[in-house]
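Peer 1: My structure is stored as work-v9.pdb, with PDB, C-alpha atoms and all ligand atoms.
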```
ATOM      1  CA  MET A   1      57.341 149.068  61.162
ATOM      2  CA  GLN A   2      55.930 148.052  64.559
ATOM      3  CA  ILE A   3      56.818 145.049  66.728
ATOM      4  CA  MET A   4      55.658 144.234  70.243
ATOM      5  CA  GLY A   5      58.265 144.474  73.015
ATOM      6  CA  VAL A   6      57.821 143.309  76.620
ATOM      7  CA  ASP A   7      60.244 143.858  79.501
ATOM      8  CA  ILE A   8      60.097 141.388  82.409
ATOM      9  CA  GLY A   9      61.409 142.951  85.607
ATOM     10  CA  GLY A  10      61.472 141.960  89.247
ATOM     11  CA  SER A  11      58.659 144.370  90.148
ATOM     12  CA  GLY A  12      56.806 145.046  86.883
ATOM     13  CA  ILE A  13      56.128 143.552  83.465
ATOM     14  CA  LYS A  14      55.624 146.258  80.868
ATOM     15  CA  GLY A  15      55.282 146.418  77.141
ATOM     16  CA  ALA A  16      54.015 148.216  74.068
ATOM     17  CA  PRO A  17      54.196 148.023  70.304
ATOM     18  CA  VAL A  18      57.460 149.705  69.267
ATOM     19  CA  ASP A  19      57.869 151.956  66.257
ATOM     20  CA  LEU A  20      61.202 150.675  64.980
ATOM     21  CA  ASP A  21      61.685 153.564  62.578
ATOM     22  CA  ARG A  22      61.802 155.977  65.514
ATOM     23  CA  GLY A  23      63.066 153.612  68.217
ATOM     24  CA  ASP A  24      60.244 154.627  70.506
ATOM     25  CA  LEU A  25      56.968 153.269  71.820
ATOM     26  CA  ALA A  26      54.121 153.532  69.320
ATOM     27  CA  GLN A  27      51.527 153.583  72.109
ATOM     28  CA  GLU A  28      51.534 154.203  75.826
ATOM     29  CA  ARG A  29      52.925 151.144  77.576
ATOM     30  CA  HIS A  30      50.845 148.714  79.616
ATOM     31  CA  LYS A  31      52.245 147.534  82.934
ATOM     32  CA  VAL A  32      51.251 144.778  85.375
ATOM     33  CA  LEU A  33      52.899 143.881  88.671
ATOM     34  CA  THR A  34      55.245 140.893  88.612
ATOM     35  CA  PRO A  35      53.588 138.044  90.538
ATOM     36  CA  GLN A  36      55.393 136.828  93.667
ATOM     37  CA  PRO A  37      56.856 134.285  93.504
ATOM     38  CA  ALA A  38      57.835 135.141  89.923
ATOM     39  CA  THR A  39      57.363 131.619  88.550
ATOM     40  CA  PRO A  40      57.508 130.896  84.798
ATOM     41  CA  GLU A  41      53.749 130.179  84.623
ATOM     42  CA  GLY A  42      52.753 133.239  86.633
ATOM     43  CA  VAL A  43      55.016 135.570  84.683
ATOM     44  CA  ALA A  44      53.973 134.073  81.327
ATOM     45  CA  GLY A  45      50.343 134.821  82.200
ATOM     46  CA  CYS A  46      51.266 138.461  82.867
ATOM     47  CA  VAL A  47      53.224 138.759  79.610
ATOM     48  CA  ALA A  48      50.132 137.461  77.786
ATOM     49  CA  GLU A  49      47.989 140.039  79.587
ATOM     50  CA  VAL A  50      50.290 142.851  78.420
ATOM     51  CA  VAL A  51      50.339 141.577  74.826
ATOM     52  CA  ARG A  52      46.544 141.138  74.753
ATOM     53  CA  ALA A  53      46.041 144.689  75.985
ATOM     54  CA  PHE A  54      47.101 145.751  72.467
ATOM     55  CA  SER A  55      45.212 142.951  70.635
ATOM     56  CA  TRP A  56      48.615 142.116  69.182
ATOM     57  CA  SER A  57      49.152 139.269  66.737
ATOM     58  CA  GLY A  58      52.654 139.219  65.347
ATOM     59  CA  PRO A  59      56.224 138.653  66.532
ATOM     60  CA  VAL A  60      56.886 139.471  70.193
ATOM     61  CA  GLY A  61      60.246 140.255  71.793
ATOM     62  CA  VAL A  62      60.619 139.650  75.537
ATOM     63  CA  THR A  63      63.449 140.535  77.917
ATOM     64  CA  PHE A  64      64.372 138.434  80.938
ATOM     65  CA  PRO A  65      66.612 139.416  83.895
ATOM     66  CA  GLY A  66      68.971 136.448  83.518
ATOM     67  CA  VAL A  67      71.086 134.524  81.023
ATOM     68  CA  VAL A  68      69.132 133.441  77.923
ATOM     69  CA  THR A  69      70.489 131.129  75.237
ATOM     70  CA  SER A  70      68.319 129.996  72.310
ATOM     71  CA  GLY A  71      65.142 130.948  74.176
ATOM     72  CA  VAL A  72      66.079 128.961  77.303
ATOM     73  CA  THR A  73      66.554 130.904  80.564
ATOM     74  CA  ARG A  74      69.732 129.757  82.291
ATOM     75  CA  SER A  75      69.935 131.842  85.466
ATOM     76  CA  ALA A  76      67.526 133.717  87.718
ATOM     77  CA  ALA A  77      69.386 135.796  90.314
ATOM     78  CA  ASN A  78      66.305 137.886  91.157
ATOM     79  CA  MET A  79      63.494 135.644  89.836
ATOM     80  CA  ASP A  80      62.027 132.304  90.893
ATOM     81  CA  LYS A  81      64.603 129.520  90.468
ATOM     82  CA  ALA A  82      62.126 127.480  88.390
ATOM     83  CA  TRP A  83      63.255 129.651  85.434
ATOM     84  CA  VAL A  84      66.649 127.957  85.357
ATOM     85  CA  GLY A  85      66.528 125.607  82.365
ATOM     86  CA  ALA A  86      62.987 126.634  81.336
ATOM     87  CA  ASP A  87      62.213 126.930  77.616
ATOM     88  CA  ALA A  88      60.918 130.472  78.045
ATOM     89  CA  ALA A  89      60.349 131.144  74.340
ATOM     90  CA  ALA A  90      58.189 128.015  73.953
ATOM     91  CA  LEU A  91      56.286 128.668  77.194
ATOM     92  CA  LEU A  92      55.495 132.278  76.252
ATOM     93  CA  SER A  93      54.541 131.357  72.704
ATOM     94  CA  ARG A  94      52.079 128.753  74.056
ATOM     95  CA  GLU A  95      50.673 131.162  76.612
ATOM     96  CA  LEU A  96      50.086 133.796  73.940
ATOM     97  CA  GLY A  97      47.943 131.304  72.056
ATOM     98  CA  GLY A  98      48.079 130.947  68.294
ATOM     99  CA  GLY A  99      51.809 130.251  68.571
ATOM    100  CA  LEU A 100      52.959 133.843  68.088
ATOM    101  CA  PRO A 101      56.732 133.790  67.478
ATOM    102  CA  VAL A 102      58.515 134.874  70.665
ATOM    103  CA  THR A 103      62.153 135.934  70.965
ATOM    104  CA  VAL A 104      63.637 136.084  74.463
ATOM    105  CA  LEU A 105      66.861 137.840  75.401
ATOM    106  CA  ASN A 106      68.663 139.191  78.450
ATOM    107  CA  ASP A 107      67.267 142.524  79.697
ATOM    108  CA  ALA A 108      70.584 144.406  79.721
ATOM    109  CA  ASP A 109      71.460 143.081  76.253
ATOM    110  CA  ALA A 110      68.113 144.401  75.021
ATOM    111  CA  ALA A 111      68.686 147.805  76.626
ATOM    112  CA  GLY A 112      72.179 147.829  75.126
ATOM    113  CA  VAL A 113      71.130 147.171  71.531
ATOM    114  CA  ALA A 114      68.465 149.877  71.828
ATOM    115  CA  GLU A 115      70.969 152.415  73.204
ATOM    116  CA  MET A 116      73.531 151.535  70.507
ATOM    117  CA  THR A 117      70.980 152.141  67.748
ATOM    118  CA  TYR A 118      68.811 154.977  69.041
ATOM    119  CA  GLY A 119      70.449 156.321  72.181
ATOM    120  CA  ALA A 120      73.715 157.108  73.956
ATOM    121  CA  GLY A 121      75.817 154.593  71.998
ATOM    122  CA  ARG A 122      74.658 155.607  68.548
ATOM    123  CA  GLY A 123      77.536 155.614  66.049
ATOM    124  CA  ARG A 124      80.066 154.576  68.704
ATOM    125  CA  GLY A 125      82.742 152.050  67.751
ATOM    126  CA  GLY A 126      85.408 150.447  69.921
ATOM    127  CA  THR A 127      84.408 148.726  73.156
ATOM    128  CA  VAL A 128      81.213 150.050  74.706
ATOM    129  CA  ILE A 129      79.788 148.660  77.962
ATOM    130  CA  LEU A 130      76.257 149.416  79.096
ATOM    131  CA  LEU A 131      75.564 148.724  82.767
ATOM    132  CA  THR A 132      72.024 148.804  84.132
ATOM    133  CA  LEU A 133      71.950 149.670  87.810
ATOM    134  CA  GLY A 134      68.665 148.542  89.340
ATOM    135  CA  THR A 135      67.534 145.579  91.439
ATOM    136  CA  GLY A 136      70.635 143.842  90.095
ATOM    137  CA  ILE A 137      73.400 144.972  87.757
ATOM    138  CA  GLY A 138      73.059 143.972  84.119
ATOM    139  CA  SER A 139      75.684 144.359  81.408
ATOM    140  CA  ALA A 140      75.862 144.534  77.632
ATOM    141  CA  VAL A 141      79.275 144.537  75.939
ATOM    142  CA  PHE A 142      79.777 145.773  72.352
ATOM    143  CA  THR A 143      82.813 145.763  70.109
ATOM    144  CA  ASP A 144      82.355 148.009  67.076
ATOM    145  CA  GLY A 145      78.601 147.835  67.587
ATOM    146  CA  ARG A 146      78.414 144.040  67.861
ATOM    147  CA  LEU A 147      76.975 142.544  71.045
ATOM    148  CA  VAL A 148      78.703 139.814  73.039
ATOM    149  CA  PRO A 149      75.543 138.405  74.703
ATOM    150  CA  ASN A 150      75.027 137.282  78.309
ATOM    151  CA  THR A 151      78.136 138.873  79.816
ATOM    152  CA  GLU A 152      76.788 139.046  83.418
ATOM    153  CA  LEU A 153      79.346 141.591  84.654
ATOM    154  CA  GLY A 154      77.034 142.379  87.568
ATOM    155  CA  HIS A 155      78.225 139.194  89.215
ATOM    156  CA  LEU A 156      81.919 140.058  89.178
ATOM    157  CA  GLU A 157      83.438 139.745  92.626
ATOM    158  CA  LEU A 158      84.108 143.027  94.377
ATOM    159  CA  LYS A 159      85.943 142.956  97.722
ATOM    160  CA  GLY A 160      84.748 139.396  98.246
ATOM    161  CA  HIS A 161      81.103 140.180  97.379
ATOM    162  CA  ASP A 162      78.904 139.698  94.343
ATOM    163  CA  ALA A 163      79.210 143.205  92.796
ATOM    164  CA  GLU A 164      75.453 143.716  92.376
ATOM    165  CA  THR A 165      74.920 143.255  96.115
ATOM    166  CA  ARG A 166      77.228 146.281  96.668
ATOM    167  CA  ALA A 167      76.692 148.680  93.771
ATOM    168  CA  SER A 168      73.116 148.143  92.538
ATOM    169  CA  VAL A 169      70.348 150.607  93.314
ATOM    170  CA  ARG A 170      68.806 147.985  95.559
ATOM    171  CA  ALA A 171      72.063 147.923  97.574
ATOM    172  CA  LYS A 172      71.821 151.713  97.906
ATOM    173  CA  GLU A 173      68.209 151.484  99.103
ATOM    174  CA  ASP A 174      68.639 148.469 101.390
ATOM    175  CA  GLY A 175      71.742 149.971 102.993
ATOM    176  CA  ASP A 176      70.202 153.468 103.089
ATOM    177  CA  LEU A 177      73.433 154.758 101.510
ATOM    178  CA  THR A 178      74.041 158.408 100.659
ATOM    179  CA  TRP A 179      74.695 159.270  97.006
ATOM    180  CA  GLU A 180      78.360 159.868  97.935
ATOM    181  CA  HIS A 181      78.750 156.482  99.565
ATOM    182  CA  TRP A 182      76.987 154.671  96.751
ATOM    183  CA  ALA A 183      78.864 156.591  94.025
ATOM    184  CA  HIS A 184      82.098 155.491  95.667
ATOM    185  CA  ARG A 185      81.004 151.870  95.359
ATOM    186  CA  VAL A 186      79.966 152.379  91.729
ATOM    187  CA  GLN A 187      83.360 153.979  91.075
ATOM    188  CA  ARG A 188      85.171 150.956  92.518
ATOM    189  CA  TYR A 189      83.011 148.675  90.416
ATOM    190  CA  LEU A 190      83.656 150.670  87.224
ATOM    191  CA  ALA A 191      87.396 150.665  87.941
ATOM    192  CA  HIS A 192      87.272 146.875  88.184
ATOM    193  CA  VAL A 193      85.362 146.480  84.920
ATOM    194  CA  GLU A 194      87.732 148.984  83.267
ATOM    195  CA  MET A 195      90.741 147.012  84.453
ATOM    196  CA  LEU A 196      89.323 143.913  82.745
ATOM    197  CA  PHE A 197      87.927 145.389  79.496
ATOM    198  CA  SER A 198      89.396 148.879  78.886
ATOM    199  CA  PRO A 199      86.178 150.155  77.301
ATOM    200  CA  ASP A 200      86.040 153.461  75.411
ATOM    201  CA  LEU A 201      82.594 154.255  76.767
ATOM    202  CA  PHE A 202      80.407 153.270  79.719
ATOM    203  CA  ILE A 203      76.659 153.854  79.373
ATOM    204  CA  ILE A 204      74.832 153.826  82.705
ATOM    205  CA  GLY A 205      71.225 152.650  82.426
ATOM    206  CA  GLY A 206      68.434 151.688  84.807
ATOM    207  CA  GLY A 207      66.171 154.010  86.782
ATOM    208  CA  VAL A 208      69.121 156.053  88.111
ATOM    209  CA  SER A 209      69.963 157.202  84.584
ATOM    210  CA  ARG A 210      67.152 159.716  85.157
ATOM    211  CA  LYS A 211      69.220 161.412  87.882
ATOM    212  CA  PRO A 212      72.786 161.356  86.512
ATOM    213  CA  GLU A 213      73.631 164.652  88.225
ATOM    214  CA  LYS A 214      73.274 162.945  91.622
ATOM    215  CA  PHE A 215      76.143 160.513  91.170
ATOM    216  CA  LEU A 216      78.070 160.813  87.881
ATOM    217  CA  PRO A 217      79.948 163.993  88.967
ATOM    218  CA  LEU A 218      81.066 162.107  92.103
ATOM    219  CA  ILE A 219      82.814 159.371  90.100
ATOM    220  CA  GLU A 220      86.515 159.968  89.531
ATOM    221  CA  GLY A 221      89.551 158.247  88.121
ATOM    222  CA  ILE A 222      87.856 156.305  85.327
ATOM    223  CA  ARG A 223      89.596 156.654  81.944
ATOM    224  CA  ALA A 224      86.579 155.803  79.821
ATOM    225  CA  GLU A 225      83.880 158.325  79.062
ATOM    226  CA  ILE A 226      80.767 157.750  81.225
ATOM    227  CA  VAL A 227      77.335 158.841  79.987
ATOM    228  CA  PRO A 228      73.760 158.171  81.142
ATOM    229  CA  ALA A 229      71.481 156.057  78.937
ATOM    230  CA  LYS A 230      69.050 158.059  76.824
ATOM    231  CA  LEU A 231      66.074 155.751  76.372
ATOM    232  CA  ARG A 232      65.529 155.478  80.102
ATOM    233  CA  ASN A 233      62.794 153.080  81.119
ATOM    234  CA  ASN A 234      61.889 152.058  77.592
ATOM    235  CA  ALA A 235      65.260 150.725  76.404
ATOM    236  CA  GLY A 236      64.361 147.120  77.288
ATOM    237  CA  ILE A 237      61.033 147.226  75.455
ATOM    238  CA  VAL A 238      62.632 148.791  72.359
ATOM    239  CA  GLY A 239      65.535 146.306  72.377
ATOM    240  CA  ALA A 240      63.143 143.372  72.768
ATOM    241  CA  ALA A 241      61.219 144.496  69.679
ATOM    242  CA  MET A 242      64.483 144.905  67.751
ATOM    243  CA  ALA A 243      65.496 141.346  68.649
ATOM    244  CA  ALA A 244      62.114 139.983  67.522
ATOM    245  CA  ARG A 245      62.448 141.796  64.198
ATOM    246  CA  ALA A 246      65.978 140.412  63.704
ATOM    247  CA  ALA A 247      64.752 136.888  64.505
ATOM    248  CA  SER A 248      61.826 137.041  62.099
ATOM    249  CA  ALA A 249      64.039 138.532  59.359
ATOM    250  CA  GLY A 250      66.479 135.659  59.921
ATOM    251  CA  LYS A 251      63.683 133.090  59.604
ATOM    252  CA  ASN A 252      62.377 134.673  56.414
ATOM    253  CA  GLN A 253      65.872 134.627  54.960
ATOM    254  CA  ALA A 254      66.304 130.968  55.913
ATOM    255  CA  GLY A 255      62.923 130.260  54.316
ATOM    256  CA  ASN A 256      63.916 132.034  51.134
ATOM    257  CA  GLY A 257      67.343 130.486  50.913
TER
HETATM  258  C1  LIG B   1      71.140 139.089  86.231
HETATM  259  C2  LIG B   1      71.368 139.638  84.834
HETATM  260  C3  LIG B   1      70.440 140.819  84.604
HETATM  261  C4  LIG B   1      70.623 141.845  85.699
HETATM  262  C5  LIG B   1      69.672 143.024  85.548
HETATM  263  C6  LIG B   1      71.342 140.193  87.238
HETATM  264  O1  LIG B   1      71.134 139.719  88.533
HETATM  265  O2  LIG B   1      72.037 138.036  86.511
HETATM  266  O3  LIG B   1      71.139 138.646  83.874
HETATM  267  O4  LIG B   1      70.732 141.386  83.348
HETATM  268  O5  LIG B   1      70.435 141.274  86.967
HETATM  269  O6  LIG B   1      68.346 142.611  85.624
END
```
What's the structure tokens form of this structure?

Peer 2:
Amino acid sequence: MQIMGVDIGGSGIKGAPVDLDRGDLAQERHKVLTPQPATPEGVAGCVAEVVRAFSWSGPVGVTFPGVVTSGVTRSAANMDKAWVGADAAALLSRELGGGLPVTVLNDADAAGVAEMTYGAGRGRGGTVILLTLGTGIGSAVFTDGRLVPNTELGHLELKGHDAETRASVRAKEDGDLTWEHWAHRVQRYLAHVEMLFSPDLFIIGGGVSRKPEKFLPLIEGIRAEIVPAKLRNNAGIVGAAMAARAASAGKNQAGNG
């Protein structure tokens, strides 16, 4: 079965139909640059462009880098503030024309559900925390495979600072930090999250999961196992498609019941 997944990021908006039997993209993904400022209208137009590139007409799952409840975006740390309170699902569905059903969820939650099903968290019970280290820090928390949505652990306070301003990849780049220096910050951040949640497993996602050898061996003193994400750049797209399938299955059930 295939469903369209789109990942909205601070720099790019990318998507593809996802083969949900394999948990992988069914076709090469299409990517457009995120407009600046990343307003709801501008971004919605880009999402529509990505979806149209595949002549898609069916359910669409979309990730957003902020809190999302019932299709409404509630925060926008690295996006235009006009997203706060916007009915993103309705806006995107309108923009796609024909009222295609759209499911919107947090980007890290999407990456997390994809990793738990097809990647590094497959078959793992207990408490699992996926952290995406990128422009910001996103989190997805699972207990025995069940997601607690919108956890926002990237905004925990670390030494008086918003954690993502210290330990994200953007912080590494902006501060021109060495891998050692940055890994030390990530270690402090993980220790803080571990103190609060005592997870069994940390999965580290985001672009840096492609170079785990650069920083994971430098992290010490964390009790939990730490592994890199497996689906890399496509976890968000795959998770978005999974969410859209779950939503349409739920609607069909409600319709039948
Ligand atoms: C946002 C999260 C998002 C993360 C990664 C944070 O700034 O608050 O919702 O998951 O960035 O994009």

Peer 1: Selection in question (the file shown): the PyMOL selection byres (((not hetatm)) within 7 of (chain B and resi 1)). Which residues does it include, as a VMD selection string?

Peer 2: chain A and resid 9 65 to 67 75 to 78 106 to 108 132 134 to 139 150 152 154 to 155

Peer 1: When you count all atoms listed in the file, which of these residues is closest to Gly99 of chain A: A:Ser57, A:Thr127, A:Thr34, A:Thr117?

Peer 2: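 For Gly99 of chain A, the nearest of the given residues is A:Ser57.
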
Peer 1: What do you get, as JSON, numbers by chain, if you spell out every residue that the PyMOL selection byres (((chain A and resi 165) around 12) and not hetatm) selects here?

Peer 2: {"A": [77, 78, 133, 134, 135, 136, 137, 154, 155, 156, 157, 158, 159, 160, 161, 162, 163, 164, 166, 167, 168, 169, 170, 171, 172, 173, 174, 175, 182, 185, 186, 189]}

Peer 1: Taking the file as shown, find all residues satisfying the PyMOL selection byres (((chain A and resi 238) around 7) and not hetatm) and write them as a ChimeraX atom specification.

Peer 2: /A:5,18,23-24,114,234-237,239-242

Peer 1: Between atom CA of Gly61 of chain A and atom CA of Ala110 of chain A, what is the distance in Å, rounded to a tenth?

Peer 2: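 So the answer is 9.5 Å.
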
Peer 1: In terms of the shortest atom-to-atom distance over all atoms listed in the file, which of A:His181, A:Lys230, A:Arg74, A:Lys251 is closest to Gly121 of chain A?

Peer 2: A:Lys230

Peer 1: Neighbouring residues of Phe215 of chain A were defined as those with any atom within 8 Å, considering only C-alpha atoms; residues of the same chain fewer than 6 positions away were excluded. Please report them as a VMD selection string.

Peer 2: chain A and resid 179 to 180 183

Peer 1: Could the residues in this selection be saved with C-alpha atoms as a JSON list (two decimals), in the frame of the given file?

Peer 2:
```
[["chain", "number", "residue", "atom", "x", "y", "z"],
["A", 179, "TRP", "CA", 74.69, 159.27, 97.01],
["A", 180, "GLU", "CA", 78.36, 159.87, 97.94],
["A", 183, "ALA", "CA", 78.86, 156.59, 94.02]]
```

Peer 1: I'd like to know which of A:Ile13, A:Asn233, A:Thr103, A:Val62 is closest to Gly250 of chain A, using only C-alpha atoms.

Peer 2: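 Among the listed residues, the smallest separation from Gly250 of chain A belongs to A:Thr103.
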
Peer 1: Calculated over all atoms listed in the file, which of the candidates A:Val84, A:Leu105, A:Leu91, A:Ile203 has the smallest distance to Gly45 of chain A?

Peer 2: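 Checking each candidate against Gly45 of chain A, we get A:Leu91 as the closest.
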
Peer 1: Using only the atoms of segment 120-123 of chain A listed in the file, plus 4 Å on each side, state the axis-aligned box centre and edge lengths in Å rounded to one decimal, as lines of an AutoDock Vina configuration file.

Peer 2:
```
center_x = 75.6
center_y = 155.9
center_z = 70.0
size_x = 11.8
size_y = 10.5
size_z = 15.9
```

Peer 1: Please compute the atom CA of Pro212 of chain A-atom CA of Gly125 of chain A distance, one decimal, in Å.

Peer 2: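 Calculated distance between atom CA of Pro212 of chain A and atom CA of Gly125 of chain A is 23.2 Å.
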
Peer 1: I'd like the neighbourhood of Leu147 of chain A as a ChimeraX atom specification, where a residue qualifies if any of its atoms comes within 8 Å (using all atoms listed in the file), though same-chain residues fewer than 4 positions away should be ignored.

Peer 2: /A:109,113,140-143

Peer 1: Determine, counting all atoms listed in the file, which protein, DNA and RNA residues have an atom within 10 Å of an atom of Ala229 of chain A; residues of the same chain fewer than 3 positions away are not included. Present the result as an mmCIF file with C-alpha atoms, in the coordinates of the input.

Peer 2:
```
data_model
loop_
_atom_site.group_PDB
_atom_site.id
_atom_site.type_symbol
_atom_site.label_atom_id
_atom_site.label_comp_id
_atom_site.auth_asym_id
_atom_site.auth_seq_id
_atom_site.Cartn_x
_atom_site.Cartn_y
_atom_site.Cartn_z
ATOM 1 C CA ALA A 111 68.686 147.805 76.626
ATOM 2 C CA GLY A 112 72.179 147.829 75.126
ATOM 3 C CA ALA A 114 68.465 149.877 71.828
ATOM 4 C CA GLU A 115 70.969 152.415 73.204
ATOM 5 C CA MET A 116 73.531 151.535 70.507
ATOM 6 C CA GLY A 119 70.449 156.321 72.181
ATOM 7 C CA ALA A 120 73.715 157.108 73.956
ATOM 8 C CA GLY A 121 75.817 154.593 71.998
ATOM 9 C CA LEU A 130 76.257 149.416 79.096
ATOM 10 C CA LEU A 131 75.564 148.724 82.767
ATOM 11 C CA THR A 132 72.024 148.804 84.132
ATOM 12 C CA PHE A 202 80.407 153.270 79.719
ATOM 13 C CA ILE A 203 76.659 153.854 79.373
ATOM 14 C CA ILE A 204 74.832 153.826 82.705
ATOM 15 C CA GLY A 205 71.225 152.650 82.426
ATOM 16 C CA GLY A 206 68.434 151.688 84.807
ATOM 17 C CA GLY A 207 66.171 154.010 86.782
ATOM 18 C CA VAL A 208 69.121 156.053 88.111
ATOM 19 C CA SER A 209 69.963 157.202 84.584
ATOM 20 C CA ARG A 210 67.152 159.716 85.157
ATOM 21 C CA PRO A 212 72.786 161.356 86.512
ATOM 22 C CA ILE A 226 80.767 157.750 81.225
ATOM 23 C CA ARG A 232 65.529 155.478 80.102
ATOM 24 C CA ASN A 233 62.794 153.080 81.119
ATOM 25 C CA ALA A 235 65.260 150.725 76.404
#
```

Peer 1: Of the candidates A:Val32, A:Leu201, A:Leu20, A:Ala86, which shows the shortest atom-to-atom distance to Arg245 of chain A, using all atoms listed in the file?

Peer 2: A:Leu20

Peer 1: Which protein, DNA or RNA residues are at most 12 Å from (54.8, 134.3, 82.1) in the file's coordinates when you count all atoms listed in the file, listed as an MDAnalysis selection string?

Peer 2: chainID A and resid 6:9 12:13 32:51 62:64 79:80 82:83 86:96 104
